[in-house]
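**Q** Next up, my_file.txt (compact mmCIF, C-alpha atoms and all ligand atoms).
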```
# COMPACT_ATOMS: atom_id res chain seq x y z
CA MET A 1 53.70 87.96 107.19
CA THR A 2 50.51 89.29 108.58
CA ALA A 3 49.57 92.91 108.98
CA GLN A 4 49.72 92.40 112.76
CA THR A 5 53.28 91.18 112.61
CA ILE A 6 54.25 94.15 110.51
CA GLU A 7 52.49 96.43 112.96
CA LEU A 8 54.33 94.98 115.99
CA GLU A 9 57.66 95.20 114.22
CA ALA A 10 56.98 98.81 113.40
CA GLN A 11 56.19 99.48 117.04
CA LEU A 12 59.45 97.90 118.15
CA ASP A 13 61.36 99.96 115.56
CA ALA A 14 59.64 103.10 116.82
CA ILE A 15 60.71 102.29 120.39
CA ARG A 16 64.28 101.74 119.22
CA GLN A 17 64.16 105.05 117.34
CA ALA A 18 62.77 107.01 120.26
CA ALA A 19 65.28 105.45 122.68
CA GLN A 20 68.17 106.20 120.34
CA THR A 21 67.26 109.87 120.07
CA ALA A 22 66.63 110.24 123.81
CA ILE A 23 69.93 108.55 124.70
CA ALA A 24 71.83 110.71 122.25
CA ASP A 25 70.33 113.81 123.84
CA ALA A 26 71.08 112.75 127.43
CA THR A 27 73.51 115.02 129.25
CA SER A 28 73.98 113.24 132.56
CA LEU A 29 74.40 109.76 134.01
CA ASP A 30 71.21 110.33 135.99
CA GLN A 31 69.24 110.99 132.84
CA LEU A 32 70.76 107.91 131.28
CA GLU A 33 69.69 105.71 134.17
CA HIS A 34 66.25 107.19 133.89
CA LEU A 35 66.14 106.25 130.18
CA ARG A 36 67.34 102.71 130.91
CA VAL A 37 64.41 102.18 133.28
CA LYS A 38 62.05 103.86 130.85
CA TYR A 39 62.97 101.77 127.75
CA LEU A 40 64.30 98.50 129.17
CA GLY A 41 62.40 98.26 132.48
CA LYS A 42 59.70 95.69 133.17
CA LYS A 43 57.06 98.35 132.80
CA GLY A 44 58.64 99.66 129.63
CA PRO A 45 57.14 99.60 126.13
CA ILE A 46 58.78 96.38 124.92
CA PRO A 47 56.93 93.96 127.26
CA GLN A 48 53.82 95.84 126.28
CA VAL A 49 54.42 95.16 122.60
CA LEU A 50 55.20 91.53 123.35
CA GLY A 51 51.93 91.34 125.22
CA GLY A 52 50.22 91.95 121.89
CA MET A 53 51.76 88.75 120.46
CA GLY A 54 48.82 86.74 121.75
CA LYS A 55 46.87 87.67 118.69
CA LEU A 56 49.62 86.48 116.36
CA ASP A 57 49.87 83.34 114.42
CA PRO A 58 52.14 81.12 116.60
CA ALA A 59 54.48 80.66 113.67
CA GLU A 60 55.20 84.37 113.63
CA ARG A 61 55.83 84.79 117.32
CA PRO A 62 59.54 83.80 117.31
CA ARG A 63 60.15 86.41 114.68
CA ILE A 64 58.73 89.17 116.90
CA GLY A 65 60.54 87.77 119.96
CA ALA A 66 63.85 87.84 118.09
CA HIS A 67 63.20 91.35 116.85
CA ALA A 68 62.38 92.51 120.36
CA ASN A 69 65.70 91.08 121.56
CA GLU A 70 67.57 92.90 118.82
CA VAL A 71 65.91 96.14 119.82
CA LYS A 72 66.77 95.58 123.52
CA GLU A 73 70.38 94.85 122.66
CA ALA A 74 70.65 97.90 120.45
CA ILE A 75 69.21 100.11 123.18
CA GLN A 76 71.58 98.56 125.76
CA GLN A 77 74.51 99.24 123.44
CA ASP A 78 73.43 102.85 122.97
CA LEU A 79 73.19 103.20 126.77
CA ASP A 80 76.64 101.69 127.31
CA ARG A 81 78.29 103.84 124.71
CA LYS A 82 76.67 106.99 126.02
CA LYS A 83 77.63 106.08 129.58
CA THR A 84 81.30 105.79 128.67
CA GLU A 85 81.08 109.05 126.78
CA LEU A 86 79.53 110.92 129.72
CA GLN A 87 82.01 109.44 132.20
CA THR A 88 84.97 110.46 130.07
CA ALA A 89 83.55 113.96 129.70
CA ALA A 90 83.06 114.21 133.47
CA ILE A 91 86.68 113.23 134.15
CA GLN A 92 87.88 115.66 131.51
CA ALA A 93 85.84 118.48 133.05
CA GLN A 94 87.18 117.67 136.51
CA LEU A 95 90.75 117.65 135.24
CA GLU A 96 90.23 121.04 133.67
CA THR A 97 88.85 122.66 136.83
CA GLU A 98 91.50 121.08 139.03
CA THR A 99 94.52 122.09 136.99
CA LEU A 100 97.29 123.34 139.26
CA ASP A 101 98.86 126.58 138.13
CA VAL A 102 102.34 126.42 139.62
CA THR A 103 103.03 129.99 138.56
CA MET A 104 100.29 131.36 140.85
CA PRO A 105 101.63 133.31 143.83
CA GLY A 106 101.50 131.18 146.98
CA VAL A 107 99.82 132.00 150.28
CA TYR A 108 102.33 134.11 152.24
CA ARG A 109 102.98 133.06 155.80
CA SER A 110 105.46 135.29 157.62
CA GLN A 111 108.17 133.37 159.40
CA GLY A 112 109.92 134.21 162.62
CA LYS A 113 113.64 134.88 162.49
CA ILE A 114 116.55 134.72 164.85
CA HIS A 115 117.13 138.05 166.59
CA PRO A 116 120.32 139.79 165.36
CA LEU A 117 121.80 139.57 168.88
CA ASN A 118 121.25 135.83 169.04
CA SER A 119 122.55 135.29 165.53
CA THR A 120 125.66 137.28 166.46
CA ILE A 121 126.18 135.11 169.55
CA ASP A 122 125.74 132.02 167.35
CA GLN A 123 128.31 133.32 164.87
CA VAL A 124 130.83 134.10 167.62
CA LEU A 125 130.40 130.70 169.24
CA ASP A 126 130.63 128.94 165.87
CA ILE A 127 134.01 130.54 165.23
CA PHE A 128 135.37 129.55 168.64
CA VAL A 129 133.96 126.04 168.45
CA GLY A 130 135.80 125.83 165.12
CA LEU A 131 138.99 126.79 166.99
CA GLY A 132 138.47 123.94 169.46
CA TYR A 133 136.66 125.79 172.25
CA THR A 134 133.87 124.35 174.41
CA VAL A 135 130.78 126.42 175.26
CA ALA A 136 129.89 126.94 178.95
CA GLU A 137 127.56 129.17 180.96
CA GLY A 138 127.25 130.58 184.46
CA PRO A 139 124.66 132.29 186.69
CA GLU A 140 123.56 135.91 186.25
CA MET A 141 123.17 136.39 190.00
CA GLU A 142 126.61 136.25 191.51
CA THR A 143 128.59 136.69 194.68
CA ASP A 144 131.22 139.35 195.27
CA TYR A 145 133.78 136.54 195.24
CA TYR A 146 133.20 135.43 191.63
CA ASN A 147 132.55 138.87 190.22
CA PHE A 148 135.47 140.66 191.92
CA GLU A 149 137.56 138.95 194.57
CA ALA A 150 138.70 135.84 192.70
CA LEU A 151 139.35 138.04 189.67
CA ASN A 152 141.96 139.95 191.66
CA PHE A 153 139.91 143.03 192.45
CA LEU A 154 141.24 144.00 195.94
CA PRO A 155 138.55 145.12 198.44
CA ASP A 156 139.50 148.77 198.13
CA HIS A 157 140.86 148.51 194.61
CA PRO A 158 139.78 151.50 192.52
CA ALA A 159 138.91 149.08 189.73
CA ARG A 160 135.80 148.08 191.67
CA ASP A 161 134.53 151.56 190.98
CA MET A 162 135.14 151.12 187.25
CA GLN A 163 131.92 149.21 187.01
CA ASP A 164 128.86 150.45 188.76
CA THR A 165 127.29 147.33 190.12
CA LEU A 166 123.65 146.46 190.79
CA TYR A 167 123.62 144.91 194.27
CA LEU A 168 120.78 142.75 195.54
CA PRO A 169 119.31 143.18 199.06
CA ASP A 170 120.90 139.89 200.19
CA GLY A 171 124.39 141.13 199.38
CA ASN A 172 124.66 139.25 196.10
CA LEU A 173 124.90 141.13 192.86
CA LEU A 174 124.01 140.95 189.18
CA ARG A 175 127.22 140.02 187.43
CA THR A 176 128.87 142.96 185.69
CA HIS A 177 130.77 140.72 183.29
CA THR A 178 131.04 137.11 182.14
CA SER A 179 134.59 136.90 183.53
CA THR A 180 132.94 135.30 186.58
CA VAL A 181 132.65 132.09 184.58
CA GLN A 182 136.45 131.99 184.12
CA ILE A 183 136.67 131.25 187.86
CA ARG A 184 133.72 128.87 187.96
CA TYR A 185 134.98 126.92 184.95
CA MET A 186 138.58 126.66 186.20
CA GLU A 187 137.36 125.54 189.63
CA ALA A 188 135.50 122.68 187.97
CA ASN A 189 138.05 121.71 185.30
CA ASP A 190 141.75 121.04 184.97
CA PRO A 191 143.93 122.57 182.27
CA PRO A 192 144.25 122.59 179.31
CA ILE A 193 141.20 124.82 178.93
CA ARG A 194 139.55 126.39 175.87
CA VAL A 195 136.13 127.73 176.74
CA ALA A 196 133.69 130.28 175.29
CA VAL A 197 130.95 131.71 177.54
CA PRO A 198 127.96 133.66 176.28
CA GLY A 199 125.82 135.52 178.80
CA ARG A 200 123.88 138.57 179.93
CA VAL A 201 125.52 141.15 182.20
CA TYR A 202 124.25 144.16 184.17
CA ARG A 203 125.62 147.60 184.97
CA ARG A 204 124.34 150.86 186.35
CA ASP A 205 125.17 152.53 183.06
CA THR A 206 123.42 155.53 181.62
CA VAL A 207 121.73 154.34 178.46
CA ASP A 208 122.84 156.00 175.24
CA ALA A 209 123.51 155.02 171.62
CA THR A 210 126.35 152.69 172.61
CA HIS A 211 125.55 151.78 176.23
CA SER A 212 122.84 149.70 177.84
CA ALA A 213 122.30 148.68 181.48
CA VAL A 214 121.73 145.08 180.37
CA PHE A 215 123.83 143.67 177.61
CA ASN A 216 125.49 140.51 176.35
CA GLN A 217 129.05 139.35 176.40
CA VAL A 218 130.99 136.36 175.18
CA GLU A 219 134.00 135.51 177.32
CA ILE A 220 136.81 133.29 176.12
CA LEU A 221 139.50 131.65 178.19
CA ALA A 222 142.50 129.56 177.11
CA ILE A 223 144.82 128.02 179.69
CA ASP A 224 147.70 125.70 178.86
CA GLU A 225 151.42 125.29 179.17
CA GLY A 226 153.37 127.82 177.13
CA ILE A 227 150.57 130.15 176.01
CA THR A 228 151.92 133.62 175.14
CA PHE A 229 150.61 137.05 174.21
CA THR A 230 151.22 136.11 170.55
CA ASP A 231 148.58 133.39 170.87
CA LEU A 232 146.15 135.92 172.28
CA LYS A 233 146.75 138.42 169.51
CA GLY A 234 146.59 135.76 166.80
CA THR A 235 143.35 134.33 168.17
CA ILE A 236 141.68 137.75 168.39
CA LYS A 237 142.80 138.67 164.87
CA VAL A 238 141.59 135.40 163.37
CA PHE A 239 138.29 135.76 165.20
CA LEU A 240 137.67 139.34 164.06
CA GLN A 241 138.65 138.49 160.51
CA GLU A 242 136.26 135.53 160.48
CA LEU A 243 133.46 137.69 161.83
CA PHE A 244 133.95 140.96 159.98
CA GLY A 245 136.13 140.16 157.00
CA ASP A 246 138.46 143.06 156.25
CA VAL A 247 137.62 145.62 158.92
CA GLU A 248 140.30 147.87 160.41
CA ILE A 249 141.17 146.96 164.04
CA ARG A 250 143.57 148.29 166.67
CA PHE A 251 144.99 146.91 169.92
CA ARG A 252 145.27 149.47 172.70
CA PRO A 253 147.10 148.89 176.02
CA SER A 254 144.65 148.87 178.91
CA PHE A 255 144.15 147.70 182.45
CA PHE A 256 142.04 144.94 184.01
CA PRO A 257 142.72 143.52 187.47
CA PHE A 258 142.47 139.95 186.19
CA THR A 259 144.91 140.25 183.25
CA GLU A 260 148.52 141.38 182.94
CA PRO A 261 149.27 142.75 180.40
CA SER A 262 145.82 143.88 179.24
CA ALA A 263 144.53 145.35 176.01
CA GLU A 264 141.37 146.65 174.47
CA VAL A 265 140.47 146.22 170.83
CA ASP A 266 138.63 148.78 168.76
CA VAL A 267 137.15 148.47 165.27
CA GLN A 268 136.12 151.12 162.78
CA TRP A 269 132.40 151.87 163.05
CA LYS A 270 130.65 154.79 161.37
CA GLY A 271 133.94 156.65 160.88
CA ARG A 272 135.21 156.26 164.43
CA TRP A 273 136.83 153.67 166.70
CA LEU A 274 134.40 151.56 168.72
CA GLU A 275 135.66 149.45 171.61
CA ILE A 276 134.43 145.89 171.20
CA LEU A 277 136.49 143.79 173.57
CA GLY A 278 138.89 143.64 176.48
CA CYS A 279 141.59 140.99 176.72
CA GLY A 280 144.90 140.07 178.27
CA MET A 281 147.13 137.40 179.76
CA VAL A 282 145.44 135.85 182.78
CA ASP A 283 146.94 137.34 185.96
CA PRO A 284 148.91 134.78 188.06
CA ASN A 285 146.75 135.74 191.06
CA VAL A 286 143.65 134.52 189.21
CA LEU A 287 145.34 131.20 188.47
CA LYS A 288 146.31 130.90 192.13
CA ALA A 289 142.74 131.63 193.23
CA VAL A 290 141.56 128.46 191.45
CA GLY A 291 144.54 126.38 192.54
CA TYR A 292 146.47 126.35 189.24
CA ASP A 293 150.26 126.69 189.40
CA PRO A 294 151.17 129.89 187.49
CA GLU A 295 154.72 128.58 187.11
CA ILE A 296 153.34 125.80 184.91
CA TYR A 297 150.28 127.33 183.29
CA THR A 298 149.69 130.56 181.46
CA GLY A 299 146.72 131.68 179.44
CA PHE A 300 144.72 134.46 177.93
CA ALA A 301 141.18 135.71 178.28
CA ALA A 302 138.92 138.12 176.44
CA GLY A 303 135.43 139.53 176.80
CA PHE A 304 133.41 140.69 173.78
CA GLY A 305 130.44 143.02 173.84
CA VAL A 306 127.89 141.22 171.67
CA GLU A 307 125.76 144.33 170.99
CA ARG A 308 128.84 146.19 169.80
CA LEU A 309 129.77 143.29 167.49
CA ALA A 310 126.24 143.23 166.07
CA MET A 311 126.35 147.00 165.54
CA VAL A 312 129.57 146.74 163.54
CA LEU A 313 128.37 143.64 161.68
CA HIS A 314 125.09 145.21 160.57
CA GLN A 315 126.00 148.92 160.67
CA ILE A 316 123.40 149.59 163.37
CA ASP A 317 123.47 153.21 164.52
CA ASP A 318 121.96 152.86 168.02
CA ILE A 319 122.21 150.00 170.54
CA ARG A 320 118.62 150.67 171.69
CA ARG A 321 117.25 149.41 168.38
CA LEU A 322 118.36 145.94 169.44
CA TYR A 323 115.91 145.98 172.35
CA SER A 324 112.99 147.84 170.82
CA SER A 325 111.23 144.82 169.25
CA ASP A 326 110.37 147.08 166.32
CA LEU A 327 109.47 144.78 163.45
CA ARG A 328 110.47 147.37 160.87
CA PHE A 329 113.98 147.05 162.27
CA LEU A 330 113.99 143.31 162.96
CA LYS A 331 112.62 142.33 159.56
CA GLN A 332 115.82 143.55 157.95
CA PHE A 333 117.82 140.61 159.30
N1 LIG B 1 135.31 141.70 181.85
C1 LIG B 1 135.75 142.89 181.14
C2 LIG B 1 134.60 143.88 181.04
O1 LIG B 1 133.47 143.47 181.17
C3 LIG B 1 136.16 142.51 179.75
C4 LIG B 1 137.38 141.68 179.74
C5 LIG B 1 138.61 142.25 179.72
C6 LIG B 1 137.30 140.30 179.77
C7 LIG B 1 139.76 141.52 179.72
C8 LIG B 1 138.42 139.54 179.77
C9 LIG B 1 139.65 140.15 179.72
O2 LIG B 1 138.39 138.22 179.78
O3 LIG B 1 140.77 139.41 179.74
O4 LIG B 1 134.83 145.03 180.81
```
Please re-express this file's structure in structure tokens.
Ligand code: DAH
**A**
Amino acid sequence: MTAQTIELEAQLDAIRQAAQTAIADATSLDQLEHLRVKYLGKKGPIPQVLGGMGKLDPAERPRIGAHANEVKEAIQQDLDRKKTELQTAAIQAQLETETLDVTMPGVYRSQGKIHPLNSTIDQVLDIFVGLGYTVAEGPEMETDYYNFEALNFLPDHPARDMQDTLYLPDGNLLRTHTSTVQIRYMEANDPPIRVAVPGRVYRRDTVDATHSAVFNQVEILAIDEGITFTDLKGTIKVFLQELFGDVEIRFRPSFFPFTEPSAEVDVQWKGRWLEILGCGMVDPNVLKAVGYDPEIYTGFAAGFGVERLAMVLHQIDDIRRLYSSDLRFLKQF
């Protein structure tokens, strides 16, 4: 071996050494790529060393060529190993920063809710649908006929004065109760009938803690052969029990032109009796008005004040809170 051969081999070993150290110190894939070009590229140090082979004894050249290949392979292996190492570290780092902490409090988005009046209507209707009733509706603007006449209010009947009515300029009126839909529904359907009617009603009432000029009712009507007052009482009791659980109730004899006999029902609310519904056996004159034969059919009807039901259900002290749109109030439901 000549001194030149030894010299070239030493140069190749030095390149390998320098590359090894630089690769070991690399901290990014970019740096690594940079080192690959620097040590293994065409303009790198190895071709330069090989360029010096011209001065060698031809017999020694293969030896240097083989050594150069060994060095290249070693450097390539170092690069590959380091690349895998850096990639694994990068994935690991990403995993660590992206860990999901499921115990962190979430982003709060406030959700709308059903208004207590609407949820009360839903509850009432659910109970009656469960008892086999159908839900129906009618118009809020009405004629004298549907609001009074067909319901057996005589033209000069004092009962017309019981409800102060809001009349429209054209002679129509805003319905004072949902009993109007009894007539409309019976006109359009034959018995047997089981219907529940939610709706808004209007009166010239002075507003106070338990009265409002606009409020909601649910009317029920059952017409069939052989319906008696017992059915009425049983239905009302089952309904109130379903809605309120064990609240004290009382039936009180009353008067309505469209029922005979009639009753009102009160429940205990804030230490006193609160009237929540009117009811009775449908007056034969009402059945006649829609062309039903009162000798064959009997039935009962009732009208519930939805606000009053909601007030008992949620122990609300003033009806006006239900219309105030005060979120501090509404958020409690
Ligand atoms: N319509 C009556 C009112 O608004 C309530 C009522 C009483 C409805 C007796 C009825 C009933 O169906 O039978 O005061």
**Q** Counting all atoms listed in the file, which residues of chain A sit at most 10 Å from some atom of ligand LIG 1 (chain B), and what is each one's closest atom pair with its distance in Å to one decimal, listed by chain and rising residue number, as CSV?
**A**
```
residue,atom,partner,partner_atom,distance
A:Asn147,CA,B:LIG1,N1,9.3
A:Leu151,CA,B:LIG1,N1,9.5
A:Met162,CA,B:LIG1,O4,8.9
A:Gln163,CA,B:LIG1,O4,8.0
A:Arg175,CA,B:LIG1,O1,9.5
A:Thr176,CA,B:LIG1,O1,6.5
A:His177,CA,B:LIG1,O1,4.4
A:Thr178,CA,B:LIG1,N1,6.3
A:Ser179,CA,B:LIG1,N1,5.1
A:Thr180,CA,B:LIG1,N1,8.3
A:Val181,CA,B:LIG1,O2,9.7
A:Gln182,CA,B:LIG1,O2,7.8
A:Val201,CA,B:LIG1,O1,8.3
A:Tyr202,CA,B:LIG1,O1,9.7
A:Arg203,CA,B:LIG1,O1,9.6
A:Asn216,CA,B:LIG1,O1,9.8
A:Gln217,CA,B:LIG1,O1,7.7
A:Val218,CA,B:LIG1,C6,8.7
A:Glu219,CA,B:LIG1,O2,5.7
A:Ile220,CA,B:LIG1,O2,6.3
A:Leu221,CA,B:LIG1,O2,6.9
A:Ala222,CA,B:LIG1,O2,10.0
A:Leu232,CA,B:LIG1,O3,9.8
A:Ser254,CA,B:LIG1,C7,8.9
A:Phe255,CA,B:LIG1,C7,8.1
A:Phe256,CA,B:LIG1,C7,5.9
A:Pro257,CA,B:LIG1,C7,8.5
A:Phe258,CA,B:LIG1,O3,6.7
A:Thr259,CA,B:LIG1,O3,5.5
A:Glu260,CA,B:LIG1,O3,8.6
A:Pro261,CA,B:LIG1,O3,9.2
A:Ser262,CA,B:LIG1,C7,6.5
A:Ala263,CA,B:LIG1,C7,7.2
A:Glu264,CA,B:LIG1,C5,7.4
A:Val265,CA,B:LIG1,C5,9.9
A:Ile276,CA,B:LIG1,C3,9.4
A:Leu277,CA,B:LIG1,C3,6.3
A:Gly278,CA,B:LIG1,C5,3.5
A:Cys279,CA,B:LIG1,O3,3.5
A:Gly280,CA,B:LIG1,O3,4.4
A:Met281,CA,B:LIG1,O3,6.7
A:Val282,CA,B:LIG1,O3,6.6
A:Asp283,CA,B:LIG1,O3,9.0
A:Gly299,CA,B:LIG1,O3,9.8
A:Phe300,CA,B:LIG1,O3,6.6
A:Ala301,CA,B:LIG1,O3,4.0
A:Ala302,CA,B:LIG1,O2,3.4
A:Gly303,CA,B:LIG1,C6,3.6
A:Phe304,CA,B:LIG1,C3,6.8
A:Gly305,CA,B:LIG1,O1,7.9
```
**Q** Could you tell me how far atom CA of A:Pro47 sits from atom CA of A:Ala74, in Å to one decimal place?
**A**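 Atom-to-atom, atom CA of A:Ala74 and atom CA of A:Pro47 are spaced 15.8 Å apart.
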**Q** Excluding A:Asp144 and any residue of its chain fewer than 6 positions from it, enumerate the residues within 9 Å of it, using only C-alpha atoms, and give them as JSON, numbers by chain.
**A** {"A": [150, 171, 172, 173, 175]}
**Q** Would you export the selected residues with C-alpha atoms as a compact mmCIF listing (two decimals), keeping the file's coordinate frame, please?
**A**
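The new file result_10.txt reads:
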```
# COMPACT_ATOMS: atom_id res chain seq x y z
CA ALA A 150 138.70 135.84 192.70
CA GLY A 171 124.39 141.13 199.38
CA ASN A 172 124.66 139.25 196.10
CA LEU A 173 124.90 141.13 192.86
CA ARG A 175 127.22 140.02 187.43
```
**Q** For a quick check of your reading of the model, name the residues lying within 12 Å of the coordinate (154.1, 122.0, 179.6), counting only C-alpha atoms, and write them as a short mmCIF file (atom, residue, chain, number, x, y, z; two decimals) with C-alpha atoms, keeping the file's coordinate frame.
**A**
```
data_model
loop_
_atom_site.label_atom_id
_atom_site.label_comp_id
_atom_site.auth_asym_id
_atom_site.auth_seq_id
_atom_site.Cartn_x
_atom_site.Cartn_y
_atom_site.Cartn_z
CA PRO A 191 143.93 122.57 182.27
CA PRO A 192 144.25 122.59 179.31
CA ILE A 223 144.82 128.02 179.69
CA ASP A 224 147.70 125.70 178.86
CA GLU A 225 151.42 125.29 179.17
CA GLY A 226 153.37 127.82 177.13
CA ILE A 227 150.57 130.15 176.01
CA ASP A 293 150.26 126.69 189.40
CA PRO A 294 151.17 129.89 187.49
CA GLU A 295 154.72 128.58 187.11
CA ILE A 296 153.34 125.80 184.91
CA TYR A 297 150.28 127.33 183.29
CA THR A 298 149.69 130.56 181.46
#
```
**Q** Which one is closest to A:Val135: A:Pro198, A:Pro284, A:Pro105, A:Pro155? Count all atoms listed in the file.
**A** A:Pro198
**Q** What lies within 9 Å of stretch 82-86 of chain A using only C-alpha atoms, ignoring chain neighbours under 5 positions off, as a PyMOL selection string?
**A** chain A and resi 23-24+26-29+32+77+91
**Q** Take the residues just selected and output them with C-alpha atoms as a PDB file, keeping the file's coordinate frame.
**A**
```
ATOM      1  CA  ILE A  23      69.930 108.550 124.700  1.00  0.00           C
ATOM      2  CA  ALA A  24      71.830 110.710 122.250  1.00  0.00           C
ATOM      3  CA  ALA A  26      71.080 112.750 127.430  1.00  0.00           C
ATOM      4  CA  THR A  27      73.510 115.020 129.250  1.00  0.00           C
ATOM      5  CA  SER A  28      73.980 113.240 132.560  1.00  0.00           C
ATOM      6  CA  LEU A  29      74.400 109.760 134.010  1.00  0.00           C
ATOM      7  CA  LEU A  32      70.760 107.910 131.280  1.00  0.00           C
ATOM      8  CA  GLN A  77      74.510  99.240 123.440  1.00  0.00           C
ATOM      9  CA  ILE A  91      86.680 113.230 134.150  1.00  0.00           C
TER      10      ILE A  91
END
```
**Q** For A:Met311, which residue out of A:Pro169, A:Leu117, A:Arg184, A:Asn285 is the nearest one, using all atoms listed in the file?
**A** A:Leu117
**Q** Once you've located stretch 282-299 of chain A in the structure I gave, write it as a PDB file, in the first residue's frame, keeping N, CA, C and O atoms.
**A**
```pdb
ATOM      1  N   VAL A 282    -123.319  19.016  28.246  1.00  0.00           N
ATOM      2  CA  VAL A 282    -123.674  19.876  27.116  1.00  0.00           C
ATOM      3  C   VAL A 282    -125.195  20.067  27.064  1.00  0.00           C
ATOM      4  O   VAL A 282    -125.965  19.094  27.099  1.00  0.00           O
ATOM      5  N   ASP A 283    -125.624  21.326  27.002  1.00  0.00           N
ATOM      6  CA  ASP A 283    -127.045  21.667  26.993  1.00  0.00           C
ATOM      7  C   ASP A 283    -127.694  21.110  25.715  1.00  0.00           C
ATOM      8  O   ASP A 283    -127.125  21.232  24.622  1.00  0.00           O
ATOM      9  N   PRO A 284    -128.897  20.505  25.833  1.00  0.00           N
ATOM     10  CA  PRO A 284    -129.583  19.966  24.643  1.00  0.00           C
ATOM     11  C   PRO A 284    -129.738  21.012  23.538  1.00  0.00           C
ATOM     12  O   PRO A 284    -129.690  20.666  22.351  1.00  0.00           O
ATOM     13  N   ASN A 285    -129.895  22.282  23.912  1.00  0.00           N
ATOM     14  CA  ASN A 285    -130.040  23.324  22.884  1.00  0.00           C
ATOM     15  C   ASN A 285    -128.778  23.461  22.029  1.00  0.00           C
ATOM     16  O   ASN A 285    -128.854  23.811  20.845  1.00  0.00           O
ATOM     17  N   VAL A 286    -127.616  23.216  22.622  1.00  0.00           N
ATOM     18  CA  VAL A 286    -126.361  23.277  21.868  1.00  0.00           C
ATOM     19  C   VAL A 286    -126.300  22.115  20.873  1.00  0.00           C
ATOM     20  O   VAL A 286    -125.929  22.293  19.708  1.00  0.00           O
ATOM     21  N   LEU A 287    -126.724  20.944  21.339  1.00  0.00           N
ATOM     22  CA  LEU A 287    -126.748  19.774  20.439  1.00  0.00           C
ATOM     23  C   LEU A 287    -127.709  20.025  19.284  1.00  0.00           C
ATOM     24  O   LEU A 287    -127.405  19.708  18.131  1.00  0.00           O
ATOM     25  N   LYS A 288    -128.847  20.627  19.592  1.00  0.00           N
ATOM     26  CA  LYS A 288    -129.834  20.919  18.534  1.00  0.00           C
ATOM     27  C   LYS A 288    -129.258  21.917  17.526  1.00  0.00           C
ATOM     28  O   LYS A 288    -129.508  21.802  16.319  1.00  0.00           O
ATOM     29  N   ALA A 289    -128.504  22.892  18.024  1.00  0.00           N
ATOM     30  CA  ALA A 289    -127.954  23.926  17.135  1.00  0.00           C
ATOM     31  C   ALA A 289    -127.044  23.323  16.058  1.00  0.00           C
ATOM     32  O   ALA A 289    -126.908  23.889  14.976  1.00  0.00           O
ATOM     33  N   VAL A 290    -126.416  22.186  16.350  1.00  0.00           N
ATOM     34  CA  VAL A 290    -125.534  21.569  15.345  1.00  0.00           C
ATOM     35  C   VAL A 290    -126.202  20.366  14.674  1.00  0.00           C
ATOM     36  O   VAL A 290    -125.552  19.616  13.937  1.00  0.00           O
ATOM     37  N   GLY A 291    -127.489  20.171  14.969  1.00  0.00           N
ATOM     38  CA  GLY A 291    -128.233  19.110  14.298  1.00  0.00           C
ATOM     39  C   GLY A 291    -128.062  17.731  14.903  1.00  0.00           C
ATOM     40  O   GLY A 291    -128.354  16.736  14.246  1.00  0.00           O
ATOM     41  N   TYR A 292    -127.586  17.645  16.144  1.00  0.00           N
ATOM     42  CA  TYR A 292    -127.527  16.348  16.830  1.00  0.00           C
ATOM     43  C   TYR A 292    -128.848  16.135  17.563  1.00  0.00           C
ATOM     44  O   TYR A 292    -129.441  17.103  18.053  1.00  0.00           O
ATOM     45  N   ASP A 293    -129.280  14.875  17.676  1.00  0.00           N
ATOM     46  CA  ASP A 293    -130.509  14.566  18.396  1.00  0.00           C
ATOM     47  C   ASP A 293    -130.198  14.369  19.882  1.00  0.00           C
ATOM     48  O   ASP A 293    -129.569  13.379  20.259  1.00  0.00           O
ATOM     49  N   PRO A 294    -130.642  15.305  20.748  1.00  0.00           N
ATOM     50  CA  PRO A 294    -130.329  15.198  22.174  1.00  0.00           C
ATOM     51  C   PRO A 294    -131.024  14.028  22.862  1.00  0.00           C
ATOM     52  O   PRO A 294    -130.697  13.700  24.010  1.00  0.00           O
ATOM     53  N   GLU A 295    -131.955  13.396  22.157  1.00  0.00           N
ATOM     54  CA  GLU A 295    -132.581  12.196  22.723  1.00  0.00           C
ATOM     55  C   GLU A 295    -131.638  11.004  22.572  1.00  0.00           C
ATOM     56  O   GLU A 295    -131.751  10.011  23.286  1.00  0.00           O
ATOM     57  N   ILE A 296    -130.735  11.096  21.618  1.00  0.00           N
ATOM     58  CA  ILE A 296    -129.786   9.989  21.389  1.00  0.00           C
ATOM     59  C   ILE A 296    -128.428  10.281  22.044  1.00  0.00           C
ATOM     60  O   ILE A 296    -127.826   9.435  22.682  1.00  0.00           O
ATOM     61  N   TYR A 297    -127.976  11.521  21.858  1.00  0.00           N
ATOM     62  CA  TYR A 297    -126.616  11.851  22.297  1.00  0.00           C
ATOM     63  C   TYR A 297    -126.596  12.742  23.529  1.00  0.00           C
ATOM     64  O   TYR A 297    -127.417  13.655  23.667  1.00  0.00           O
ATOM     65  N   THR A 298    -125.663  12.461  24.398  1.00  0.00           N
ATOM     66  CA  THR A 298    -125.367  13.371  25.507  1.00  0.00           C
ATOM     67  C   THR A 298    -123.858  13.561  25.507  1.00  0.00           C
ATOM     68  O   THR A 298    -123.127  12.861  24.803  1.00  0.00           O
ATOM     69  N   GLY A 299    -123.407  14.508  26.318  1.00  0.00           N
ATOM     70  CA  GLY A 299    -121.964  14.713  26.366  1.00  0.00           C
ATOM     71  C   GLY A 299    -121.579  15.719  27.424  1.00  0.00           C
ATOM     72  O   GLY A 299    -122.436  16.314  28.075  1.00  0.00           O
TER      73      GLY A 299
END
```
